[in-house]
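The structure file entry-v7.csv is reproduced below (CSV, C-alpha atoms).
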chain,number,residue,atom,x,y,z
B,1,MET,CA,10.9,34.1,-31.4
B,2,THR,CA,9.7,31.0,-29.6
B,3,VAL,CA,11.8,30.1,-26.6
B,4,PRO,CA,12.3,26.3,-26.4
B,5,THR,CA,10.8,24.7,-23.4
B,6,GLN,CA,12.8,22.4,-21.1
B,7,PRO,CA,12.0,18.8,-22.0
B,8,PRO,CA,10.5,16.8,-19.1
B,9,ALA,CA,12.9,14.6,-17.2
B,10,THR,CA,12.8,10.9,-18.1
B,11,PRO,CA,11.4,8.8,-15.3
B,12,ASP,CA,13.9,6.4,-13.8
B,13,LEU,CA,12.2,3.1,-13.5
B,14,LEU,CA,15.2,1.0,-12.6
B,15,TYR,CA,16.1,0.0,-9.0
B,16,SER,CA,19.3,1.4,-7.5
B,17,GLN,CA,21.8,-0.7,-5.6
B,18,ASP,CA,20.6,0.9,-2.3
B,19,GLU,CA,17.0,0.0,-3.2
B,20,GLU,CA,18.0,-3.6,-3.9
B,21,ASP,CA,19.9,-3.7,-0.6
B,22,LEU,CA,16.8,-2.4,1.2
B,23,ARG,CA,14.7,-5.0,-0.6
B,24,SER,CA,17.0,-7.8,0.5
B,25,ALA,CA,16.8,-6.7,4.2
B,26,VAL,CA,13.0,-6.4,4.2
B,27,ARG,CA,12.5,-9.7,2.3
B,28,ALA,CA,14.8,-11.6,4.8
B,29,LEU,CA,13.0,-10.1,7.7
B,30,LEU,CA,9.5,-11.0,6.3
B,31,ALA,CA,10.7,-14.5,5.4
B,32,ASP,CA,11.8,-15.0,8.9
B,33,ARG,CA,8.8,-13.5,10.8
B,34,ALA,CA,5.9,-13.3,8.3
B,35,ASP,CA,5.9,-16.5,6.3
B,36,ALA,CA,2.6,-17.9,5.1
B,37,PRO,CA,1.7,-20.0,8.2
B,38,THR,CA,2.5,-17.1,10.5
B,39,VAL,CA,0.3,-14.6,8.5
B,40,ILE,CA,-2.6,-17.1,8.4
B,41,ALA,CA,-2.3,-17.6,12.1
B,42,ALA,CA,-2.2,-13.8,12.6
B,43,THR,CA,-5.5,-13.4,10.9
B,44,GLU,CA,-7.1,-15.5,13.6
B,45,ALA,CA,-5.4,-13.7,16.5
B,46,ASP,CA,-6.9,-11.0,18.7
B,47,THR,CA,-4.0,-8.6,18.0
B,48,PRO,CA,-3.9,-7.1,14.5
B,49,TYR,CA,-0.1,-6.9,14.3
B,50,ASP,CA,3.0,-8.6,15.5
B,51,LEU,CA,4.6,-5.8,17.5
B,52,ARG,CA,8.1,-7.5,17.2
B,53,LEU,CA,7.8,-7.6,13.5
B,54,TRP,CA,6.8,-3.9,13.3
B,55,GLU,CA,9.7,-2.9,15.7
B,56,ALA,CA,12.2,-4.8,13.5
B,57,LEU,CA,10.8,-3.3,10.3
B,58,ALA,CA,10.3,0.3,11.6
B,59,THR,CA,13.3,0.6,13.9
B,60,GLY,CA,15.7,-2.2,13.1
B,61,ILE,CA,15.7,-1.5,9.3
B,62,GLY,CA,14.5,2.1,9.7
B,63,ALA,CA,11.7,1.8,7.2
B,64,ALA,CA,9.3,3.9,9.3
B,65,GLY,CA,11.3,7.0,8.7
B,66,LEU,CA,12.2,6.7,5.0
B,67,LEU,CA,10.1,9.7,4.0
B,68,VAL,CA,11.1,11.8,7.0
B,69,PRO,CA,14.1,14.2,6.6
B,70,GLU,CA,17.2,13.5,8.7
B,71,LYS,CA,16.8,16.7,10.7
B,72,LEU,CA,13.5,15.3,12.0
B,73,GLY,CA,15.0,11.9,12.9
B,74,GLY,CA,14.2,10.1,9.7
B,75,GLN,CA,16.3,8.4,7.0
B,76,GLY,CA,15.9,11.2,4.4
B,77,ALA,CA,15.1,8.8,1.6
B,78,SER,CA,12.3,9.1,-0.9
B,79,HIS,CA,9.1,7.5,-2.2
B,80,ARG,CA,11.2,5.1,-4.3
B,81,GLU,CA,12.6,3.4,-1.2
B,82,ALA,CA,9.2,3.4,0.5
B,83,ALA,CA,7.8,1.7,-2.7
B,84,VAL,CA,10.4,-1.1,-2.4
B,85,VAL,CA,9.3,-1.8,1.2
B,86,LEU,CA,5.6,-1.9,0.1
B,87,GLU,CA,6.5,-4.3,-2.8
B,88,GLU,CA,7.9,-6.7,-0.2
B,89,LEU,CA,4.9,-6.2,2.1
B,90,GLY,CA,2.6,-6.9,-0.8
B,91,ARG,CA,4.6,-10.0,-1.7
B,92,SER,CA,4.2,-11.4,1.8
B,93,VAL,CA,0.8,-9.8,2.7
B,94,ALA,CA,2.4,-9.2,6.1
B,95,PRO,CA,0.1,-7.3,8.6
B,96,ALA,CA,1.9,-4.0,9.2
B,97,PRO,CA,0.7,-0.4,9.4
B,98,TYR,CA,3.3,0.8,7.0
B,99,LEU,CA,1.1,2.2,4.3
B,100,THR,CA,-1.2,4.0,6.6
B,101,SER,CA,1.3,5.3,9.2
B,102,SER,CA,4.7,5.6,7.5
B,103,VAL,CA,3.3,6.8,4.1
B,104,VAL,CA,-0.1,8.5,4.4
B,105,ALA,CA,0.0,9.9,7.9
B,106,THR,CA,3.7,10.8,7.5
B,107,GLU,CA,3.2,12.5,4.2
B,108,THR,CA,0.2,14.5,5.5
B,109,LEU,CA,2.3,15.8,8.4
B,110,LEU,CA,5.3,16.6,6.0
B,111,ALA,CA,2.9,18.7,3.9
B,112,LEU,CA,2.4,21.0,6.9
B,113,GLY,CA,6.1,21.9,6.9
B,114,GLY,CA,8.1,23.3,9.8
B,115,GLU,CA,10.7,21.9,12.1
B,116,ASP,CA,9.0,22.8,15.3
B,117,GLY,CA,5.6,22.4,16.8
B,118,PRO,CA,3.3,19.4,17.5
B,119,ALA,CA,3.4,18.2,13.8
B,120,ALA,CA,7.2,18.0,13.7
B,121,GLU,CA,7.3,16.3,17.1
B,122,LEU,CA,4.8,13.7,15.9
B,123,LEU,CA,6.9,13.1,12.8
B,124,ARG,CA,9.9,12.4,15.0
B,125,GLU,CA,7.9,9.8,16.9
B,126,LEU,CA,6.6,8.2,13.7
B,127,ALA,CA,10.1,8.1,12.2
B,128,SER,CA,11.5,6.3,15.2
B,129,GLY,CA,8.8,3.7,15.1
B,130,ALA,CA,7.8,4.4,18.7
B,131,ARG,CA,4.2,5.4,17.6
B,132,THR,CA,1.9,5.0,14.7
B,133,ALA,CA,-0.7,7.3,13.3
B,134,VAL,CA,-3.5,7.0,10.8
B,135,LEU,CA,-5.5,9.6,8.8
B,136,ALA,CA,-9.1,9.3,10.0
B,137,VAL,CA,-10.8,9.1,6.6
B,138,PRO,CA,-12.5,6.1,5.0
B,139,PHE,CA,-9.9,3.8,3.3
B,140,ALA,CA,-11.7,4.2,0.0
B,141,THR,CA,-11.2,8.0,-0.1
B,142,PRO,CA,-9.5,9.0,-3.4
B,143,PRO,CA,-7.0,11.9,-3.4
B,144,ALA,CA,-9.4,14.1,-5.4
B,145,GLY,CA,-12.2,13.4,-3.0
B,146,ALA,CA,-10.5,14.4,0.2
B,147,ASP,CA,-13.3,16.3,1.7
B,148,THR,CA,-13.6,16.5,5.5
B,149,ALA,CA,-15.7,13.7,7.0
B,150,LEU,CA,-16.4,15.6,10.1
B,151,THR,CA,-17.2,19.3,10.9
B,152,SER,CA,-15.7,19.1,14.3
B,153,LEU,CA,-14.3,16.5,16.7
B,154,ASP,CA,-17.7,14.9,17.0
B,155,GLY,CA,-19.1,12.1,14.9
B,156,THR,CA,-18.2,8.8,13.3
B,157,VAL,CA,-15.9,7.9,10.5
B,158,ARG,CA,-16.3,4.3,9.2
B,159,GLY,CA,-13.7,2.1,7.4
B,160,VAL,CA,-10.6,3.7,8.8
B,161,ALA,CA,-7.7,1.3,8.0
B,162,ASP,CA,-5.4,0.4,10.9
B,163,ALA,CA,-7.2,2.6,13.4
B,164,ALA,CA,-7.4,-0.3,15.8
B,165,ALA,CA,-3.7,-0.4,16.2
B,166,ALA,CA,-2.8,3.3,15.9
B,167,ASP,CA,-1.7,5.6,18.7
B,168,VAL,CA,-2.7,8.9,17.1
B,169,LEU,CA,-5.6,9.8,14.8
B,170,LEU,CA,-5.1,12.7,12.3
B,171,VAL,CA,-8.6,14.0,12.0
B,172,PRO,CA,-9.4,16.5,9.2
B,173,THR,CA,-12.4,18.7,10.1
B,174,ALA,CA,-14.0,21.9,8.8
B,175,GLU,CA,-11.9,23.7,11.4
B,176,GLY,CA,-8.6,22.1,10.4
B,177,LEU,CA,-6.4,19.1,11.0
B,178,TYR,CA,-6.3,17.7,14.6
B,179,ALA,CA,-4.1,15.1,16.2
B,180,VAL,CA,-6.2,13.1,18.6
B,181,GLU,CA,-4.8,10.5,21.0
B,182,VAL,CA,-6.6,7.1,20.7
B,183,THR,CA,-6.6,6.8,24.5
B,184,ASP,CA,-8.6,10.0,24.8
B,185,PRO,CA,-11.8,9.3,26.7
B,186,GLY,CA,-13.8,10.9,23.9
B,187,VAL,CA,-12.5,8.4,21.3
B,188,ALA,CA,-14.0,5.0,20.6
B,189,VAL,CA,-12.5,2.6,18.0
B,190,GLN,CA,-14.8,-0.2,17.0
B,191,PRO,CA,-13.2,-2.9,14.9
B,192,LEU,CA,-15.1,-4.0,11.8
B,193,VAL,CA,-15.0,-7.3,9.9
B,194,PRO,CA,-12.9,-6.6,6.8
B,195,LEU,CA,-12.6,-8.6,3.6
B,196,ASP,CA,-8.8,-8.4,4.0
B,197,LEU,CA,-8.1,-9.8,7.4
B,198,THR,CA,-4.4,-8.7,7.2
B,199,ARG,CA,-5.4,-5.0,7.2
B,200,PRO,CA,-8.0,-4.3,9.9
B,201,LEU,CA,-10.7,-1.6,9.5
B,202,ALA,CA,-12.5,0.2,12.2
B,203,ALA,CA,-15.2,2.8,12.9
B,204,VAL,CA,-13.9,5.8,14.8
B,205,THR,CA,-16.3,7.7,16.9
B,206,LEU,CA,-15.4,11.0,18.5
B,207,THR,CA,-17.5,12.5,21.3
B,208,GLY,CA,-16.1,15.8,22.3
B,209,ALA,CA,-12.5,14.5,22.1
B,210,ALA,CA,-9.6,16.8,22.9
B,211,GLY,CA,-7.2,17.3,20.1
B,212,THR,CA,-4.2,19.4,19.1
B,213,LEU,CA,-4.9,21.6,16.1
B,214,LEU,CA,-2.1,21.1,13.6
B,215,ALA,CA,-3.2,23.3,10.7
B,216,ASP,CA,-6.1,25.4,9.6
B,217,ALA,CA,-8.8,24.3,7.1
B,218,ASP,CA,-6.9,25.4,3.9
B,219,ALA,CA,-3.6,23.9,5.0
B,220,SER,CA,-5.4,20.8,6.2
B,221,ALA,CA,-7.1,20.2,2.9
B,222,THR,CA,-3.8,20.5,1.0
B,223,ALA,CA,-2.0,18.2,3.4
B,224,VAL,CA,-4.7,15.5,3.3
B,225,ARG,CA,-4.7,15.5,-0.5
B,226,ARG,CA,-0.9,15.1,-0.5
B,227,GLY,CA,-1.1,12.3,2.0
B,228,LEU,CA,-3.8,10.4,0.0
B,229,LEU,CA,-1.9,11.0,-3.3
B,230,ALA,CA,1.2,9.4,-1.8
B,231,GLY,CA,-0.9,6.6,-0.4
B,232,ALA,CA,-2.6,5.9,-3.8
B,233,GLY,CA,0.7,6.1,-5.6
B,234,LEU,CA,2.6,3.7,-3.3
B,235,LEU,CA,-0.3,1.4,-3.0
B,236,ALA,CA,0.4,0.5,-6.6
B,237,SER,CA,3.8,-0.9,-5.4
B,238,GLU,CA,2.0,-3.1,-2.9
B,239,GLN,CA,-0.3,-4.3,-5.7
B,240,LEU,CA,2.8,-5.0,-7.8
B,241,GLY,CA,4.2,-7.2,-5.0
B,242,ILE,CA,0.9,-9.1,-4.7
B,243,ALA,CA,0.9,-9.7,-8.5
B,244,GLU,CA,4.5,-10.8,-8.6
B,245,TRP,CA,4.1,-13.3,-5.8
B,246,CYS,CA,0.9,-14.8,-7.4
B,247,LEU,CA,2.7,-15.2,-10.7
B,248,THR,CA,5.8,-16.7,-9.3
B,249,GLU,CA,3.9,-19.1,-7.0
B,250,THR,CA,1.6,-20.1,-9.9
B,251,VAL,CA,4.4,-20.9,-12.2
B,252,ARG,CA,6.2,-22.9,-9.5
B,253,TYR,CA,3.1,-24.9,-8.7
B,254,THR,CA,2.2,-25.7,-12.3
B,255,ARG,CA,5.7,-26.9,-12.9
B,256,GLU,CA,5.5,-29.3,-10.0
B,257,ARG,CA,2.0,-30.6,-10.4
B,258,HIS,CA,1.6,-33.4,-13.0
B,259,GLN,CA,-1.4,-34.6,-14.9
B,260,PHE,CA,-1.4,-37.2,-17.7
B,261,ASN,CA,2.3,-37.8,-16.7
B,262,ARG,CA,3.4,-34.2,-17.6
B,263,PRO,CA,3.6,-30.9,-15.7
B,264,VAL,CA,0.3,-29.0,-16.1
B,265,GLY,CA,2.3,-25.9,-16.8
B,266,SER,CA,3.4,-27.4,-20.1
B,267,PHE,CA,-0.2,-27.4,-21.4
B,268,GLN,CA,-0.5,-24.7,-24.1
B,269,SER,CA,-3.6,-23.1,-22.7
B,270,LEU,CA,-1.9,-22.5,-19.3
B,271,LYS,CA,1.3,-21.3,-21.0
B,272,HIS,CA,-0.8,-18.6,-22.7
B,273,ARG,CA,-2.5,-17.6,-19.5
B,274,MET,CA,0.7,-17.2,-17.6
B,275,ALA,CA,2.5,-15.5,-20.4
B,276,GLN,CA,-0.3,-12.9,-20.6
B,277,LEU,CA,-0.1,-12.5,-16.8
B,278,TRP,CA,3.6,-12.0,-17.0
B,279,LEU,CA,3.1,-9.2,-19.6
B,280,GLU,CA,0.6,-7.5,-17.3
B,281,VAL,CA,2.9,-7.7,-14.3
B,282,VAL,CA,5.8,-6.2,-16.2
B,283,SER,CA,3.5,-3.3,-17.3
B,284,ALA,CA,2.3,-2.9,-13.7
B,285,ARG,CA,5.9,-2.6,-12.6
B,286,ALA,CA,6.5,0.2,-15.0
B,287,ALA,CA,3.4,2.0,-13.9
B,288,ALA,CA,4.1,1.6,-10.2
B,289,ARG,CA,7.8,2.7,-10.6
B,290,ASN,CA,6.7,5.7,-12.6
B,291,ALA,CA,4.3,6.8,-9.8
B,292,ALA,CA,7.0,6.3,-7.1
B,293,ASP,CA,9.5,8.2,-9.2
B,294,ALA,CA,7.1,11.1,-9.9
B,295,LEU,CA,6.3,11.4,-6.2
B,296,ALA,CA,10.0,11.2,-5.2
B,297,THR,CA,11.0,13.9,-7.7
B,298,GLY,CA,8.0,16.2,-7.0
B,299,SER,CA,7.0,16.0,-10.6
B,300,PRO,CA,4.0,18.2,-11.6
B,301,ASP,CA,2.8,15.1,-13.4
B,302,ALA,CA,2.6,13.1,-10.2
B,303,PRO,CA,-1.2,13.1,-10.0
B,304,LEU,CA,-1.4,11.8,-13.5
B,305,ALA,CA,1.3,9.1,-12.8
B,306,VAL,CA,-0.5,8.0,-9.7
B,307,ALA,CA,-3.9,7.8,-11.4
B,308,VAL,CA,-2.5,5.8,-14.3
B,309,ALA,CA,-0.7,3.4,-11.8
B,310,GLN,CA,-3.8,2.8,-9.7
B,311,ALA,CA,-6.1,2.4,-12.7
B,312,TYR,CA,-3.9,-0.3,-14.1
B,313,CYS,CA,-2.2,-2.0,-11.1
B,314,SER,CA,-5.5,-2.6,-9.3
B,315,ARG,CA,-6.8,-4.7,-12.1
B,316,VAL,CA,-3.5,-6.6,-12.5
B,317,ALA,CA,-3.3,-7.5,-8.8
B,318,VAL,CA,-6.9,-8.9,-8.8
B,319,HIS,CA,-6.3,-10.8,-12.0
B,320,ALA,CA,-3.1,-12.3,-10.8
B,321,ALA,CA,-4.7,-13.4,-7.5
B,322,GLU,CA,-7.7,-14.9,-9.3
B,323,GLU,CA,-5.4,-16.9,-11.6
B,324,CYS,CA,-3.4,-18.0,-8.7
B,325,VAL,CA,-6.4,-19.4,-6.9
B,326,GLN,CA,-7.8,-21.1,-10.0
B,327,LEU,CA,-4.6,-22.6,-11.3
B,328,HIS,CA,-3.8,-24.1,-7.9
B,329,GLY,CA,-7.0,-26.2,-8.3
B,330,GLY,CA,-8.6,-27.5,-5.1
B,331,ILE,CA,-5.7,-26.5,-2.9
B,332,GLY,CA,-6.0,-22.9,-3.9
B,333,MET,CA,-9.5,-22.9,-2.3
B,334,THR,CA,-8.4,-24.1,1.1
B,335,TRP,CA,-7.9,-21.9,4.2
B,336,GLU,CA,-4.5,-23.4,4.8
B,337,HIS,CA,-3.0,-22.2,1.5
B,338,PRO,CA,-2.2,-18.4,1.4
B,339,ALA,CA,-3.7,-17.8,-2.0
B,340,HIS,CA,-6.9,-16.5,-0.5
B,341,LEU,CA,-5.0,-13.9,1.5
B,342,TYR,CA,-3.6,-12.4,-1.7
B,343,LEU,CA,-7.0,-12.4,-3.4
B,344,LYS,CA,-8.6,-10.7,-0.5
B,345,ARG,CA,-5.8,-8.1,-0.2
B,346,ALA,CA,-6.0,-7.5,-3.9
B,347,LYS,CA,-9.7,-7.0,-3.8
B,348,ALA,CA,-9.5,-4.7,-0.8
B,349,ASP,CA,-6.7,-2.7,-2.4
B,350,SER,CA,-8.7,-2.3,-5.6
B,351,VAL,CA,-11.0,0.2,-3.9
B,352,ALA,CA,-8.5,1.7,-1.4
B,353,TYR,CA,-7.7,5.4,-2.0
B,354,GLY,CA,-10.2,5.4,-4.9
B,355,SER,CA,-11.5,2.7,-7.3
B,356,ALA,CA,-9.9,2.0,-10.7
B,357,GLY,CA,-12.9,3.7,-12.2
B,358,SER,CA,-12.3,6.9,-10.3
B,359,HIS,CA,-8.7,6.9,-11.2
B,360,ARG,CA,-9.6,6.4,-14.9
B,361,GLU,CA,-11.8,9.5,-14.7
B,362,ALA,CA,-8.9,11.3,-13.1
B,363,VAL,CA,-6.6,10.3,-16.0
B,364,ALA,CA,-9.1,11.6,-18.5
B,365,GLU,CA,-9.4,14.9,-16.6
B,366,LEU,CA,-5.7,15.4,-16.0
B,367,ALA,CA,-4.8,14.4,-19.6
B,368,GLU,CA,-7.6,16.5,-20.9
B,369,LEU,CA,-9.1,13.6,-22.7
B,370,PRO,CA,-12.8,12.8,-23.1
B,371,ALA,CA,-14.0,10.6,-20.3
B,372,PRO,CA,-14.6,6.9,-21.3
Would you mind writing the structure in this file as structure tokens?
Amino acid sequence: MTVPTQPPATPDLLYSQDEEDLRSAVRALLADRADAPTVIAATEADTPYDLRLWEALATGIGAAGLLVPEKLGGQGASHREAAVVLEELGRSVAPAPYLTSSVVATETLLALGGEDGPAAELLRELASGARTAVLAVPFATPPAGADTALTSLDGTVRGVADAAAADVLLVPTAEGLYAVEVTDPGVAVQPLVPLDLTRPLAAVTLTGAAGTLLADADASATAVRRGLLAGAGLLASEQLGIAEWCLTETVRYTRERHQFNRPVGSFQSLKHRMAQLWLEVVSARAAARNAADALATGSPDAPLAVAVAQAYCSRVAVHAAEECVQLHGGIGMTWEHPAHLYLKRAKADSVAYGSAGSHREAVAELAELPAP
């Protein structure tokens, strides 16, 4: 007799009222403190982030602790709520270390478990917004390729996102996972010139740095993979926010701009292009929400959902940003218009936590299909 298997739970792709309330709060904050002129000016400033904006987002709204349980000082929410925050950050391309600190570093520490010890203490500090941390691996590292970049606390890791503004580095080595203070005399953080000026990259050089061992090699590898998986999955929500802004702004502009005494958006060829883009954005929303829901529920299909979301959303964000620049005509090419910020963020995101090609390969492997 065959015992019937339990059918898989249906993913919930809709937004709850709490998520919509969170969206409204984040959007209002970003509209007030991270509008287009402010973000453009920030890319030319010496400081990578507006500390007042980060304090308001992390502490005022409590976004920094969304993934952290209440017993560790967090909000006890889930990846779904964090995804909403990232949608809004993508929509405004606001410079903020949310993805790297409040998602990737936080998820890595959560994977270590425990309510006591240095990892739990650091989680409390991250949840409060008092400090930020980054995982010291190249920003392009995919979840499946989370090998240690260093054998010990000596050497250089290039392309670490948000390292220039972090307080703590989580350094995976062959010995295990270390927490290293950026102010340690054995740590040198050299800013690099990134394509995306709203998310700084840096080369981190360690020379006999003193660090606190958080986990051994096996636990470290598992934790880093979990952190990168969450980062890749929720990055899809940021890419969704980018694509939604680009589509909305392009439709608005083509309605207002006239040529031959009619709105250019009424031309049939442009209608078709924007209709196609709308279909892509709607599909991207489904993929991103599915990844966030799979992570939130701890679904065994989370790696597949994340790989699908990244394989699709990366392309949609880049396409939407390219269309935004082109359909804005000459103004879309100017430094004063924010379209270039979205194109650069979309391009940089398309290789973050693994390229679309690497995620397509992961889909083929996880779904047991022949590789394309």
Which residues of range 21-106 of chain B have any atom within 8 Å of an atom in range 192-211 of chain B when counting all atoms listed in the file, and what is the closest pair of atoms for each, with the distance in Å to one decimal? Order the rows by chain and rising number and write it as a tab-separated table.
residue	atom	partner	partner_atom	distance
B:Val39	CA	B:Thr198	CA	7.7
B:Ala42	CA	B:Thr198	CA	7.7
B:Thr43	CA	B:Leu197	CA	5.7
B:Pro48	CA	B:Pro200	CA	6.8
B:Val93	CA	B:Thr198	CA	7.0
B:Ala94	CA	B:Thr198	CA	6.9
B:Pro95	CA	B:Thr198	CA	4.9
B:Ala96	CA	B:Arg199	CA	7.6
B:Pro97	CA	B:Arg199	CA	8.0
What does the file look like for those residues with C-alpha atoms, as a PDB file, in the coordinates of the input?
ATOM      1  CA  VAL B  39       0.300 -14.600   8.500  1.00  0.00           C
ATOM      2  CA  ALA B  42      -2.200 -13.800  12.600  1.00  0.00           C
ATOM      3  CA  THR B  43      -5.500 -13.400  10.900  1.00  0.00           C
ATOM      4  CA  PRO B  48      -3.900  -7.100  14.500  1.00  0.00           C
ATOM      5  CA  VAL B  93       0.800  -9.800   2.700  1.00  0.00           C
ATOM      6  CA  ALA B  94       2.400  -9.200   6.100  1.00  0.00           C
ATOM      7  CA  PRO B  95       0.100  -7.300   8.600  1.00  0.00           C
ATOM      8  CA  ALA B  96       1.900  -4.000   9.200  1.00  0.00           C
ATOM      9  CA  PRO B  97       0.700  -0.400   9.400  1.00  0.00           C
TER      10      PRO B  97
END
Pick out the closest residue to Ser355 in chain B from this set: B:Ala307, B:Leu86, B:Val182, B:Leu247. Count all atoms listed in the file.
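Nearest to Ser355 in chain B: B:Ala307.
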Applying 6 Å and all atoms listed in the file, which residues near Gln75 in chain B remain after dropping the ones on its own chain fewer than 5 positions away? List them as a list in words.
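In the requested format, the answer is Gly65, Leu66 and Glu70 of chain B.
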With a distance cut-off of 10 Å and only C-alpha atoms, select the neighbouring residues of range 321-337 of chain B, excluding the residue or stretch itself and same-chain residues fewer than 3 positions from it, and output the selection as a PDB file with C-alpha atoms, keeping the file's coordinate frame.
ATOM      1  CA  ALA B  36       2.600 -17.900   5.100  1.00  0.00           C
ATOM      2  CA  PRO B  37       1.700 -20.000   8.200  1.00  0.00           C
ATOM      3  CA  ILE B  40      -2.600 -17.100   8.400  1.00  0.00           C
ATOM      4  CA  ALA B  41      -2.300 -17.600  12.100  1.00  0.00           C
ATOM      5  CA  ILE B 242       0.900  -9.100  -4.700  1.00  0.00           C
ATOM      6  CA  ALA B 243       0.900  -9.700  -8.500  1.00  0.00           C
ATOM      7  CA  GLU B 244       4.500 -10.800  -8.600  1.00  0.00           C
ATOM      8  CA  TRP B 245       4.100 -13.300  -5.800  1.00  0.00           C
ATOM      9  CA  CYS B 246       0.900 -14.800  -7.400  1.00  0.00           C
ATOM     10  CA  LEU B 247       2.700 -15.200 -10.700  1.00  0.00           C
ATOM     11  CA  THR B 248       5.800 -16.700  -9.300  1.00  0.00           C
ATOM     12  CA  GLU B 249       3.900 -19.100  -7.000  1.00  0.00           C
ATOM     13  CA  THR B 250       1.600 -20.100  -9.900  1.00  0.00           C
ATOM     14  CA  VAL B 251       4.400 -20.900 -12.200  1.00  0.00           C
ATOM     15  CA  TYR B 253       3.100 -24.900  -8.700  1.00  0.00           C
ATOM     16  CA  THR B 254       2.200 -25.700 -12.300  1.00  0.00           C
ATOM     17  CA  ARG B 257       2.000 -30.600 -10.400  1.00  0.00           C
ATOM     18  CA  VAL B 264       0.300 -29.000 -16.100  1.00  0.00           C
ATOM     19  CA  GLY B 265       2.300 -25.900 -16.800  1.00  0.00           C
ATOM     20  CA  LEU B 270      -1.900 -22.500 -19.300  1.00  0.00           C
ATOM     21  CA  ARG B 273      -2.500 -17.600 -19.500  1.00  0.00           C
ATOM     22  CA  MET B 274       0.700 -17.200 -17.600  1.00  0.00           C
ATOM     23  CA  LEU B 277      -0.100 -12.500 -16.800  1.00  0.00           C
ATOM     24  CA  VAL B 316      -3.500  -6.600 -12.500  1.00  0.00           C
ATOM     25  CA  ALA B 317      -3.300  -7.500  -8.800  1.00  0.00           C
ATOM     26  CA  VAL B 318      -6.900  -8.900  -8.800  1.00  0.00           C
ATOM     27  CA  HIS B 340      -6.900 -16.500  -0.500  1.00  0.00           C
ATOM     28  CA  LEU B 341      -5.000 -13.900   1.500  1.00  0.00           C
ATOM     29  CA  TYR B 342      -3.600 -12.400  -1.700  1.00  0.00           C
ATOM     30  CA  LEU B 343      -7.000 -12.400  -3.400  1.00  0.00           C
ATOM     31  CA  LYS B 344      -8.600 -10.700  -0.500  1.00  0.00           C
ATOM     32  CA  ARG B 345      -5.800  -8.100  -0.200  1.00  0.00           C
ATOM     33  CA  ALA B 346      -6.000  -7.500  -3.900  1.00  0.00           C
ATOM     34  CA  LYS B 347      -9.700  -7.000  -3.800  1.00  0.00           C
TER      35      LYS B 347
END
Ranking B:Gly227, B:Gly60, B:Gly357, B:Gly74 by minimum distance to Ala136 in chain B and counting only C-alpha atoms, which one comes first?
B:Gly227
Which of B:Glu368, B:Ser92, B:Gly113, B:His79 sits closest to Ala291 in chain B [using all atoms listed in the file]:
B:His79
Rank B:Val104, B:Ala146, B:Val351, B:Ala362 by their smallest atom-to-atom distance to Ser314 in chain B, using all atoms listed in the file, and report the top residue only.
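The shortest atom-to-atom distance to Ser314 in chain B comes from B:Val351.
Nearest-residue note for Ala236 in chain B: choosing from B:Ala223, B:Val26, B:Ala352, B:Leu13, the minimum distance belongs to B:Ala352, counting only C-alpha atoms.
Between CA of Val180 in chain B and CA of Thr212 in chain B there is a distance of 6.6 Å.
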Could you rebuild range 227-237 of chain B with N, CA and C atoms and give it back as a compact mmCIF listing (two decimals), in the coordinates of the input?
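Result file follows (selection_37.txt):
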# COMPACT_ATOMS: atom_id res chain seq x y z
N GLY B 227 -1.25 13.56 1.32
CA GLY B 227 -1.10 12.30 2.00
C GLY B 227 -1.83 11.16 1.21
N LEU B 228 -3.04 11.44 0.74
CA LEU B 228 -3.80 10.40 0.00
C LEU B 228 -3.18 10.16 -1.37
N LEU B 229 -2.60 11.19 -1.98
CA LEU B 229 -1.90 11.00 -3.30
C LEU B 229 -0.74 10.06 -3.11
N ALA B 230 0.06 10.29 -2.07
CA ALA B 230 1.20 9.40 -1.80
C ALA B 230 0.72 7.99 -1.50
N GLY B 231 -0.36 7.88 -0.73
CA GLY B 231 -0.90 6.60 -0.40
C GLY B 231 -1.35 5.82 -1.65
N ALA B 232 -2.08 6.51 -2.53
CA ALA B 232 -2.60 5.90 -3.80
C ALA B 232 -1.40 5.48 -4.66
N GLY B 233 -0.40 6.37 -4.76
CA GLY B 233 0.70 6.10 -5.60
C GLY B 233 1.56 4.91 -5.16
N LEU B 234 1.82 4.83 -3.86
CA LEU B 234 2.60 3.70 -3.30
C LEU B 234 1.84 2.46 -3.11
N LEU B 235 0.52 2.58 -3.04
CA LEU B 235 -0.30 1.40 -3.00
C LEU B 235 -0.11 0.55 -4.26
N ALA B 236 0.18 1.23 -5.37
CA ALA B 236 0.40 0.50 -6.60
C ALA B 236 1.64 -0.42 -6.47
N SER B 237 2.62 -0.03 -5.67
CA SER B 237 3.80 -0.90 -5.40
C SER B 237 3.39 -2.12 -4.62
